[in-house]
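Below is the file model10.tsv, which contains TSV, N, CA and C atoms.
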chain	number	residue	atom	x	y	z
A	1	MET	N	0.84	-1.18	0.00
A	1	MET	CA	0.00	0.00	0.00
A	1	MET	C	0.89	1.24	0.00
A	2	ASP	N	0.53	2.19	-0.84
A	2	ASP	CA	1.27	3.44	-0.93
A	2	ASP	C	0.80	4.37	0.18
A	3	THR	N	1.72	4.76	1.06
A	3	THR	CA	1.37	5.63	2.17
A	3	THR	C	1.85	7.06	1.97
A	4	THR	N	2.40	7.36	0.80
A	4	THR	CA	2.87	8.72	0.56
A	4	THR	C	1.69	9.64	0.29
A	5	SER	N	1.78	10.83	0.77
A	5	SER	CA	0.73	11.82	0.54
A	5	SER	C	0.97	12.49	-0.80
A	6	PRO	N	-0.10	12.86	-1.49
A	6	PRO	CA	0.10	13.61	-2.73
A	6	PRO	C	0.75	14.96	-2.41
A	7	ALA	N	1.50	15.45	-3.36
A	7	ALA	CA	2.16	16.75	-3.18
A	7	ALA	C	1.11	17.83	-3.00
A	8	PRO	N	1.34	18.75	-2.07
A	8	PRO	CA	0.38	19.86	-1.93
A	8	PRO	C	0.36	20.68	-3.22
A	9	GLN	N	-0.79	21.15	-3.57
A	9	GLN	CA	-0.93	21.94	-4.78
A	9	GLN	C	-1.28	23.37	-4.44
A	10	VAL	N	-0.88	24.27	-5.32
A	10	VAL	CA	-1.14	25.69	-5.16
A	10	VAL	C	-1.67	26.27	-6.46
A	11	ALA	N	-2.41	27.34	-6.34
A	11	ALA	CA	-2.93	28.05	-7.51
A	11	ALA	C	-1.97	29.18	-7.85
A	12	VAL	N	-1.57	29.23	-9.11
A	12	VAL	CA	-0.68	30.28	-9.59
A	12	VAL	C	-1.47	31.15	-10.56
A	13	THR	N	-1.49	32.45	-10.29
A	13	THR	CA	-2.14	33.39	-11.20
A	13	THR	C	-1.11	33.83	-12.23
A	14	THR	N	-1.47	33.71	-13.49
A	14	THR	CA	-0.54	34.03	-14.57
A	14	THR	C	-0.46	35.54	-14.80
A	15	PRO	N	0.58	35.95	-15.52
A	15	PRO	CA	0.61	37.36	-15.95
A	15	PRO	C	-0.57	37.60	-16.90
A	16	PRO	N	-0.93	38.85	-17.15
A	16	PRO	CA	-2.01	39.11	-18.10
A	16	PRO	C	-1.58	38.73	-19.52
A	17	CYS	N	-2.50	38.16	-20.25
A	17	CYS	CA	-2.25	37.79	-21.64
A	17	CYS	C	-2.08	39.07	-22.47
A	18	MET	N	-1.03	39.11	-23.29
A	18	MET	CA	-0.79	40.32	-24.09
A	18	MET	C	-1.79	40.47	-25.24
A	19	ASN	N	-2.57	39.42	-25.51
A	19	ASN	CA	-3.55	39.50	-26.58
A	19	ASN	C	-4.92	39.96	-26.05
A	20	CYS	N	-5.40	39.31	-24.99
A	20	CYS	CA	-6.75	39.62	-24.49
A	20	CYS	C	-6.76	40.34	-23.15
A	21	GLY	N	-5.62	40.36	-22.45
A	21	GLY	CA	-5.53	41.05	-21.18
A	21	GLY	C	-6.00	40.26	-19.97
A	22	SER	N	-6.55	39.08	-20.19
A	22	SER	CA	-7.05	38.27	-19.08
A	22	SER	C	-5.93	37.49	-18.40
A	23	ARG	N	-6.13	37.22	-17.13
A	23	ARG	CA	-5.23	36.36	-16.37
A	23	ARG	C	-5.88	34.99	-16.24
A	24	SER	N	-5.08	33.98	-15.96
A	24	SER	CA	-5.58	32.63	-15.73
A	24	SER	C	-5.03	32.13	-14.42
A	25	THR	N	-5.56	31.02	-13.96
A	25	THR	CA	-5.06	30.35	-12.77
A	25	THR	C	-4.68	28.93	-13.16
A	26	VAL	N	-3.48	28.53	-12.78
A	26	VAL	CA	-2.98	27.18	-13.06
A	26	VAL	C	-2.68	26.52	-11.72
A	27	ILE	N	-3.16	25.29	-11.53
A	27	ILE	CA	-2.90	24.54	-10.31
A	27	ILE	C	-1.64	23.70	-10.54
A	28	VAL	N	-0.65	23.87	-9.67
A	28	VAL	CA	0.62	23.15	-9.80
A	28	VAL	C	1.04	22.59	-8.45
A	29	ASP	N	1.94	21.62	-8.47
A	29	ASP	CA	2.50	21.08	-7.24
A	29	ASP	C	3.38	22.14	-6.59
A	30	ALA	N	3.25	22.30	-5.29
A	30	ALA	CA	3.99	23.33	-4.56
A	30	ALA	C	5.49	23.14	-4.68
A	31	ASP	N	5.96	21.88	-4.65
A	31	ASP	CA	7.40	21.65	-4.75
A	31	ASP	C	7.94	22.00	-6.13
A	32	ARG	N	7.15	21.78	-7.17
A	32	ARG	CA	7.57	22.15	-8.53
A	32	ARG	C	7.61	23.67	-8.67
A	33	LEU	N	6.63	24.34	-8.08
A	33	LEU	CA	6.62	25.81	-8.11
A	33	LEU	C	7.84	26.36	-7.40
A	34	ALA	N	8.19	25.79	-6.26
A	34	ALA	CA	9.36	26.26	-5.51
A	34	ALA	C	10.63	26.07	-6.33
A	35	SER	N	10.73	24.96	-7.04
A	35	SER	CA	11.89	24.69	-7.89
A	35	SER	C	11.98	25.73	-9.01
A	36	TRP	N	10.85	26.04	-9.63
A	36	TRP	CA	10.80	27.03	-10.71
A	36	TRP	C	11.17	28.41	-10.18
A	37	GLN	N	10.63	28.77	-9.04
A	37	GLN	CA	10.92	30.08	-8.45
A	37	GLN	C	12.38	30.20	-8.02
A	38	ALA	N	13.03	29.06	-7.77
A	38	ALA	CA	14.44	29.05	-7.39
A	38	ALA	C	15.35	29.07	-8.62
A	39	GLY	N	14.76	29.06	-9.82
A	39	GLY	CA	15.56	29.21	-11.02
A	39	GLY	C	15.58	28.03	-11.97
A	40	ALA	N	14.86	26.95	-11.66
A	40	ALA	CA	14.82	25.81	-12.57
A	40	ALA	C	14.14	26.22	-13.87
A	41	LEU	N	14.60	25.64	-14.97
A	41	LEU	CA	13.94	25.88	-16.25
A	41	LEU	C	12.50	25.41	-16.19
A	42	THR	N	11.63	26.14	-16.82
A	42	THR	CA	10.20	25.83	-16.78
A	42	THR	C	9.92	24.41	-17.25
A	43	GLN	N	10.56	24.00	-18.34
A	43	GLN	CA	10.29	22.68	-18.89
A	43	GLN	C	10.81	21.55	-17.99
A	44	LEU	N	11.74	21.87	-17.10
A	44	LEU	CA	12.22	20.87	-16.15
A	44	LEU	C	11.38	20.88	-14.87
A	45	ALA	N	11.08	22.06	-14.37
A	45	ALA	CA	10.28	22.16	-13.14
A	45	ALA	C	8.87	21.63	-13.36
A	46	PHE	N	8.32	21.89	-14.53
A	46	PHE	CA	6.95	21.48	-14.83
A	46	PHE	C	6.91	20.49	-15.99
A	47	ASP	N	7.75	19.46	-15.91
A	47	ASP	CA	7.77	18.45	-16.98
A	47	ASP	C	6.48	17.64	-17.04
A	48	ASN	N	5.62	17.81	-16.05
A	48	ASN	CA	4.33	17.12	-16.04
A	48	ASN	C	3.24	17.93	-16.77
A	49	LEU	N	3.56	19.15	-17.17
A	49	LEU	CA	2.59	20.00	-17.88
A	49	LEU	C	2.90	20.04	-19.37
A	50	ASP	N	1.87	20.25	-20.18
A	50	ASP	CA	2.11	20.37	-21.62
A	50	ASP	C	2.72	21.75	-21.92
A	51	ALA	N	3.25	21.88	-23.11
A	51	ALA	CA	3.96	23.11	-23.49
A	51	ALA	C	3.06	24.34	-23.43
A	52	ALA	N	1.80	24.19	-23.80
A	52	ALA	CA	0.88	25.34	-23.78
A	52	ALA	C	0.64	25.84	-22.36
A	53	THR	N	0.55	24.93	-21.41
A	53	THR	CA	0.34	25.33	-20.01
A	53	THR	C	1.59	25.97	-19.45
A	54	ARG	N	2.76	25.45	-19.83
A	54	ARG	CA	4.01	26.08	-19.38
A	54	ARG	C	4.12	27.49	-19.94
A	55	GLU	N	3.75	27.68	-21.20
A	55	GLU	CA	3.78	29.02	-21.80
A	55	GLU	C	2.80	29.94	-21.09
A	56	LEU	N	1.65	29.42	-20.71
A	56	LEU	CA	0.68	30.20	-19.96
A	56	LEU	C	1.28	30.69	-18.64
A	57	LEU	N	2.03	29.83	-17.96
A	57	LEU	CA	2.68	30.23	-16.71
A	57	LEU	C	3.73	31.32	-16.93
A	58	ILE	N	4.49	31.20	-18.01
A	58	ILE	CA	5.58	32.15	-18.28
A	58	ILE	C	5.04	33.50	-18.74
A	59	SER	N	4.21	33.48	-19.76
A	59	SER	CA	3.82	34.72	-20.43
A	59	SER	C	2.38	35.14	-20.22
A	60	GLY	N	1.54	34.22	-19.78
A	60	GLY	CA	0.12	34.51	-19.64
A	60	GLY	C	-0.66	34.36	-20.93
A	61	ILE	N	0.02	34.01	-22.03
A	61	ILE	CA	-0.67	33.89	-23.32
A	61	ILE	C	-1.45	32.58	-23.37
A	62	HIS	N	-2.76	32.70	-23.59
A	62	HIS	CA	-3.63	31.53	-23.70
A	62	HIS	C	-3.38	30.81	-25.03
A	63	PRO	N	-3.61	29.52	-25.08
A	63	PRO	CA	-3.40	28.79	-26.35
A	63	PRO	C	-4.18	29.38	-27.52
A	64	ASP	N	-5.44	29.76	-27.29
A	64	ASP	CA	-6.23	30.36	-28.38
A	64	ASP	C	-5.67	31.71	-28.80
A	65	CYS	N	-5.21	32.48	-27.84
A	65	CYS	CA	-4.61	33.78	-28.15
A	65	CYS	C	-3.30	33.60	-28.92
A	66	TRP	N	-2.53	32.57	-28.56
A	66	TRP	CA	-1.29	32.26	-29.27
A	66	TRP	C	-1.61	32.00	-30.74
A	67	GLN	N	-2.65	31.20	-30.98
A	67	GLN	CA	-3.05	30.89	-32.36
A	67	GLN	C	-3.45	32.16	-33.10
A	68	GLN	N	-4.22	33.03	-32.44
A	68	GLN	CA	-4.65	34.28	-33.07
A	68	GLN	C	-3.47	35.17	-33.42
A	69	MET	N	-2.49	35.23	-32.52
A	69	MET	CA	-1.36	36.13	-32.71
A	69	MET	C	-0.30	35.57	-33.66
A	70	LEU	N	0.01	34.29	-33.51
A	70	LEU	CA	1.18	33.74	-34.19
A	70	LEU	C	0.88	32.58	-35.13
A	71	GLY	N	-0.32	32.07	-35.12
A	71	GLY	CA	-0.64	30.91	-35.93
A	71	GLY	C	-0.04	29.66	-35.33
A	72	ASN	N	-0.08	28.60	-36.09
A	72	ASN	CA	0.42	27.30	-35.63
A	72	ASN	C	1.93	27.27	-35.78
A	73	SER	N	2.65	27.14	-34.67
A	73	SER	CA	4.11	27.14	-34.69
A	73	SER	C	4.70	25.84	-35.21
A	74	GLU	N	3.84	24.83	-35.47
A	74	GLU	CA	4.34	23.54	-35.95
A	74	GLU	C	4.17	23.38	-37.45
A	75	GLU	N	3.82	24.44	-38.14
A	75	GLU	CA	3.65	24.36	-39.60
A	75	GLU	C	4.99	24.40	-40.27

What do you get writing this file as structure tokens?
Amino acid sequence: MDTTSPAPQVAVTTPPCMNCGSRSTVIVDADRLASWQAGALTQLAFDNLDAATRELLISGIHPDCWQQMLGNSEE
């Protein structure tokens, strides 16, 4: 039986999106947030999140807003 407790989670409010001006809230593990705030690269601290969510944390740009502003970056 696994007796470990799940990592505590915290809500992070993102910067305002430069396209629409809205902020978002992302729920992340507290230990991963502490690692990121201590200087870990976003893709390493939050390797459990997809790239769009990591970008949301960094810049506040929503995936739909990214598409509106820049189009599909995988073309």

Discussion item. Report as a count of residues only all protein, DNA and RNA residues lying within 7 Å of Val26 (chain A), evaluated on all atoms listed in the file, omitting residues in the same chain fewer than 4 positions from it.
Written reply: 5

Discussion item. Please list, as a ChimeraX atom specification, the residues that have an atom at most 12 Å away from (2.8, 20.8, -16.4) in the coordinates of this file, counting only C-alpha atoms.
Written reply: /A:26-29,32-33,36,42-58

Kindly save the residues from that selection, with N, CA and C atoms included, as a PDB file, in the coordinates of the input.
ATOM      1  N   VAL A  26      -3.480  28.530 -12.780  1.00  0.00           N
ATOM      2  CA  VAL A  26      -2.980  27.180 -13.060  1.00  0.00           C
ATOM      3  C   VAL A  26      -2.680  26.520 -11.720  1.00  0.00           C
ATOM      4  N   ILE A  27      -3.160  25.290 -11.530  1.00  0.00           N
ATOM      5  CA  ILE A  27      -2.900  24.540 -10.310  1.00  0.00           C
ATOM      6  C   ILE A  27      -1.640  23.700 -10.540  1.00  0.00           C
ATOM      7  N   VAL A  28      -0.650  23.870  -9.670  1.00  0.00           N
ATOM      8  CA  VAL A  28       0.620  23.150  -9.800  1.00  0.00           C
ATOM      9  C   VAL A  28       1.040  22.590  -8.450  1.00  0.00           C
ATOM     10  N   ASP A  29       1.940  21.620  -8.470  1.00  0.00           N
ATOM     11  CA  ASP A  29       2.500  21.080  -7.240  1.00  0.00           C
ATOM     12  C   ASP A  29       3.380  22.140  -6.590  1.00  0.00           C
ATOM     13  N   ARG A  32       7.150  21.780  -7.170  1.00  0.00           N
ATOM     14  CA  ARG A  32       7.570  22.150  -8.530  1.00  0.00           C
ATOM     15  C   ARG A  32       7.610  23.670  -8.670  1.00  0.00           C
ATOM     16  N   LEU A  33       6.630  24.340  -8.080  1.00  0.00           N
ATOM     17  CA  LEU A  33       6.620  25.810  -8.110  1.00  0.00           C
ATOM     18  C   LEU A  33       7.840  26.360  -7.400  1.00  0.00           C
ATOM     19  N   TRP A  36      10.850  26.040  -9.630  1.00  0.00           N
ATOM     20  CA  TRP A  36      10.800  27.030 -10.710  1.00  0.00           C
ATOM     21  C   TRP A  36      11.170  28.410 -10.180  1.00  0.00           C
ATOM     22  N   THR A  42      11.630  26.140 -16.820  1.00  0.00           N
ATOM     23  CA  THR A  42      10.200  25.830 -16.780  1.00  0.00           C
ATOM     24  C   THR A  42       9.920  24.410 -17.250  1.00  0.00           C
ATOM     25  N   GLN A  43      10.560  24.000 -18.340  1.00  0.00           N
ATOM     26  CA  GLN A  43      10.290  22.680 -18.890  1.00  0.00           C
ATOM     27  C   GLN A  43      10.810  21.550 -17.990  1.00  0.00           C
ATOM     28  N   LEU A  44      11.740  21.870 -17.100  1.00  0.00           N
ATOM     29  CA  LEU A  44      12.220  20.870 -16.150  1.00  0.00           C
ATOM     30  C   LEU A  44      11.380  20.880 -14.870  1.00  0.00           C
ATOM     31  N   ALA A  45      11.080  22.060 -14.370  1.00  0.00           N
ATOM     32  CA  ALA A  45      10.280  22.160 -13.140  1.00  0.00           C
ATOM     33  C   ALA A  45       8.870  21.630 -13.360  1.00  0.00           C
ATOM     34  N   PHE A  46       8.320  21.890 -14.530  1.00  0.00           N
ATOM     35  CA  PHE A  46       6.950  21.480 -14.830  1.00  0.00           C
ATOM     36  C   PHE A  46       6.910  20.490 -15.990  1.00  0.00           C
ATOM     37  N   ASP A  47       7.750  19.460 -15.910  1.00  0.00           N
ATOM     38  CA  ASP A  47       7.770  18.450 -16.980  1.00  0.00           C
ATOM     39  C   ASP A  47       6.480  17.640 -17.040  1.00  0.00           C
ATOM     40  N   ASN A  48       5.620  17.810 -16.050  1.00  0.00           N
ATOM     41  CA  ASN A  48       4.330  17.120 -16.040  1.00  0.00           C
ATOM     42  C   ASN A  48       3.240  17.930 -16.770  1.00  0.00           C
ATOM     43  N   LEU A  49       3.560  19.150 -17.170  1.00  0.00           N
ATOM     44  CA  LEU A  49       2.590  20.000 -17.880  1.00  0.00           C
ATOM     45  C   LEU A  49       2.900  20.040 -19.370  1.00  0.00           C
ATOM     46  N   ASP A  50       1.870  20.250 -20.180  1.00  0.00           N
ATOM     47  CA  ASP A  50       2.110  20.370 -21.620  1.00  0.00           C
ATOM     48  C   ASP A  50       2.720  21.750 -21.920  1.00  0.00           C
ATOM     49  N   ALA A  51       3.250  21.880 -23.110  1.00  0.00           N
ATOM     50  CA  ALA A  51       3.960  23.110 -23.490  1.00  0.00           C
ATOM     51  C   ALA A  51       3.060  24.340 -23.430  1.00  0.00           C
ATOM     52  N   ALA A  52       1.800  24.190 -23.800  1.00  0.00           N
ATOM     53  CA  ALA A  52       0.880  25.340 -23.780  1.00  0.00           C
ATOM     54  C   ALA A  52       0.640  25.840 -22.360  1.00  0.00           C
ATOM     55  N   THR A  53       0.550  24.930 -21.410  1.00  0.00           N
ATOM     56  CA  THR A  53       0.340  25.330 -20.010  1.00  0.00           C
ATOM     57  C   THR A  53       1.590  25.970 -19.450  1.00  0.00           C
ATOM     58  N   ARG A  54       2.760  25.450 -19.830  1.00  0.00           N
ATOM     59  CA  ARG A  54       4.010  26.080 -19.380  1.00  0.00           C
ATOM     60  C   ARG A  54       4.120  27.490 -19.940  1.00  0.00           C
ATOM     61  N   GLU A  55       3.750  27.680 -21.200  1.00  0.00           N
ATOM     62  CA  GLU A  55       3.780  29.020 -21.800  1.00  0.00           C
ATOM     63  C   GLU A  55       2.800  29.940 -21.090  1.00  0.00           C
ATOM     64  N   LEU A  56       1.650  29.420 -20.710  1.00  0.00           N
ATOM     65  CA  LEU A  56       0.680  30.200 -19.960  1.00  0.00           C
ATOM     66  C   LEU A  56       1.280  30.690 -18.640  1.00  0.00           C
ATOM     67  N   LEU A  57       2.030  29.830 -17.960  1.00  0.00           N
ATOM     68  CA  LEU A  57       2.680  30.230 -16.710  1.00  0.00           C
ATOM     69  C   LEU A  57       3.730  31.320 -16.930  1.00  0.00           C
ATOM     70  N   ILE A  58       4.490  31.200 -18.010  1.00  0.00           N
ATOM     71  CA  ILE A  58       5.580  32.150 -18.280  1.00  0.00           C
ATOM     72  C   ILE A  58       5.040  33.500 -18.740  1.00  0.00           C
TER      73      ILE A  58
END

Please return, as an mmCIF file with N, CA and C atoms, in the coordinates of the input, all residues of chain A that DSSP assigns to alpha helix (DSSP H) on the basis of the backbone.
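Output file out.cif follows:
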data_model
loop_
_atom_site.group_PDB
_atom_site.id
_atom_site.type_symbol
_atom_site.label_atom_id
_atom_site.label_comp_id
_atom_site.auth_asym_id
_atom_site.auth_seq_id
_atom_site.Cartn_x
_atom_site.Cartn_y
_atom_site.Cartn_z
ATOM 1 N N ALA A 30 3.250 22.300 -5.290
ATOM 2 C CA ALA A 30 3.990 23.330 -4.560
ATOM 3 C C ALA A 30 5.490 23.140 -4.680
ATOM 4 N N ASP A 31 5.960 21.880 -4.650
ATOM 5 C CA ASP A 31 7.400 21.650 -4.750
ATOM 6 C C ASP A 31 7.940 22.000 -6.130
ATOM 7 N N ARG A 32 7.150 21.780 -7.170
ATOM 8 C CA ARG A 32 7.570 22.150 -8.530
ATOM 9 C C ARG A 32 7.610 23.670 -8.670
ATOM 10 N N LEU A 33 6.630 24.340 -8.080
ATOM 11 C CA LEU A 33 6.620 25.810 -8.110
ATOM 12 C C LEU A 33 7.840 26.360 -7.400
ATOM 13 N N ALA A 34 8.190 25.790 -6.260
ATOM 14 C CA ALA A 34 9.360 26.260 -5.510
ATOM 15 C C ALA A 34 10.630 26.070 -6.330
ATOM 16 N N SER A 35 10.730 24.960 -7.040
ATOM 17 C CA SER A 35 11.890 24.690 -7.890
ATOM 18 C C SER A 35 11.980 25.730 -9.010
ATOM 19 N N TRP A 36 10.850 26.040 -9.630
ATOM 20 C CA TRP A 36 10.800 27.030 -10.710
ATOM 21 C C TRP A 36 11.170 28.410 -10.180
ATOM 22 N N GLN A 37 10.630 28.770 -9.040
ATOM 23 C CA GLN A 37 10.920 30.080 -8.450
ATOM 24 C C GLN A 37 12.380 30.200 -8.020
ATOM 25 N N THR A 42 11.630 26.140 -16.820
ATOM 26 C CA THR A 42 10.200 25.830 -16.780
ATOM 27 C C THR A 42 9.920 24.410 -17.250
ATOM 28 N N GLN A 43 10.560 24.000 -18.340
ATOM 29 C CA GLN A 43 10.290 22.680 -18.890
ATOM 30 C C GLN A 43 10.810 21.550 -17.990
ATOM 31 N N LEU A 44 11.740 21.870 -17.100
ATOM 32 C CA LEU A 44 12.220 20.870 -16.150
ATOM 33 C C LEU A 44 11.380 20.880 -14.870
ATOM 34 N N ALA A 45 11.080 22.060 -14.370
ATOM 35 C CA ALA A 45 10.280 22.160 -13.140
ATOM 36 C C ALA A 45 8.870 21.630 -13.360
ATOM 37 N N ALA A 51 3.250 21.880 -23.110
ATOM 38 C CA ALA A 51 3.960 23.110 -23.490
ATOM 39 C C ALA A 51 3.060 24.340 -23.430
ATOM 40 N N ALA A 52 1.800 24.190 -23.800
ATOM 41 C CA ALA A 52 0.880 25.340 -23.780
ATOM 42 C C ALA A 52 0.640 25.840 -22.360
ATOM 43 N N THR A 53 0.550 24.930 -21.410
ATOM 44 C CA THR A 53 0.340 25.330 -20.010
ATOM 45 C C THR A 53 1.590 25.970 -19.450
ATOM 46 N N ARG A 54 2.760 25.450 -19.830
ATOM 47 C CA ARG A 54 4.010 26.080 -19.380
ATOM 48 C C ARG A 54 4.120 27.490 -19.940
ATOM 49 N N GLU A 55 3.750 27.680 -21.200
ATOM 50 C CA GLU A 55 3.780 29.020 -21.800
ATOM 51 C C GLU A 55 2.800 29.940 -21.090
ATOM 52 N N LEU A 56 1.650 29.420 -20.710
ATOM 53 C CA LEU A 56 0.680 30.200 -19.960
ATOM 54 C C LEU A 56 1.280 30.690 -18.640
ATOM 55 N N LEU A 57 2.030 29.830 -17.960
ATOM 56 C CA LEU A 57 2.680 30.230 -16.710
ATOM 57 C C LEU A 57 3.730 31.320 -16.930
ATOM 58 N N ILE A 58 4.490 31.200 -18.010
ATOM 59 C CA ILE A 58 5.580 32.150 -18.280
ATOM 60 C C ILE A 58 5.040 33.500 -18.740
ATOM 61 N N SER A 59 4.210 33.480 -19.760
ATOM 62 C CA SER A 59 3.820 34.720 -20.430
ATOM 63 C C SER A 59 2.380 35.140 -20.220
ATOM 64 N N PRO A 63 -3.610 29.520 -25.080
ATOM 65 C CA PRO A 63 -3.400 28.790 -26.350
ATOM 66 C C PRO A 63 -4.180 29.380 -27.520
ATOM 67 N N ASP A 64 -5.440 29.760 -27.290
ATOM 68 C CA ASP A 64 -6.230 30.360 -28.380
ATOM 69 C C ASP A 64 -5.670 31.710 -28.800
ATOM 70 N N CYS A 65 -5.210 32.480 -27.840
ATOM 71 C CA CYS A 65 -4.610 33.780 -28.150
ATOM 72 C C CYS A 65 -3.300 33.600 -28.920
ATOM 73 N N TRP A 66 -2.530 32.570 -28.560
ATOM 74 C CA TRP A 66 -1.290 32.260 -29.270
ATOM 75 C C TRP A 66 -1.610 32.000 -30.740
ATOM 76 N N GLN A 67 -2.650 31.200 -30.980
ATOM 77 C CA GLN A 67 -3.050 30.890 -32.360
ATOM 78 C C GLN A 67 -3.450 32.160 -33.100
ATOM 79 N N GLN A 68 -4.220 33.030 -32.440
ATOM 80 C CA GLN A 68 -4.650 34.280 -33.070
ATOM 81 C C GLN A 68 -3.470 35.170 -33.420
ATOM 82 N N MET A 69 -2.490 35.230 -32.520
ATOM 83 C CA MET A 69 -1.360 36.130 -32.710
ATOM 84 C C MET A 69 -0.300 35.570 -33.660
ATOM 85 N N LEU A 70 0.010 34.290 -33.510
ATOM 86 C CA LEU A 70 1.180 33.740 -34.190
ATOM 87 C C LEU A 70 0.880 32.580 -35.130
#

Worksheet item: Looking at only C-alpha atoms, which of A:Gln9, A:Ser59, A:Leu41, A:Asn72 is the one that sits closest to Ser24 (chain A)?
Response: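 Of A:Gln9, A:Ser59, A:Leu41, A:Asn72, the one nearest Ser24 (chain A) is A:Ser59, counting only C-alpha atoms.
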
Worksheet item: Can you tell me how far CA of Ser22 (chain A) sits from atom C of Ser35 (chain A), in Å to one decimal?
Response: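 Answer for the CA of Ser22 (chain A) to atom C of Ser35 (chain A) separation: 24.9 Å.
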
Fill in: Atom pair atom N of Met18 (chain A) / atom C of Ala40 (chain A): separation (Å)
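Atom C of Ala40 (chain A) lies at a distance of 22.0 Å from atom N of Met18 (chain A).
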
Worksheet item: Rounded to one decimal in Å, what is the spacing between atom N of Gly21 (chain A) and atom C of Gly39 (chain A)?
Response: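 Taking atom N of Gly21 (chain A) and atom C of Gly39 (chain A), their separation equals 26.7 Å.
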
Discussion item. My list of candidates is A:Ala34, A:Trp66, A:Gly71, A:Ser5. Which is closest to Asn19 (chain A) when distances are computed with only C-alpha atoms?
Written reply: A:Trp66

Worksheet item: Tell me, which residues of chain A carry DSSP strand (DSSP E), written as a PyMOL selection string?
Response: chain A and resi 9-13+25-29

Fill in: For Arg23 (chain A): contacts at 9 Å, only C-alpha atoms, fewer than 5 positions along chain excluded, given as an MDAnalysis selection string
chainID A and resid 13:17 60:62
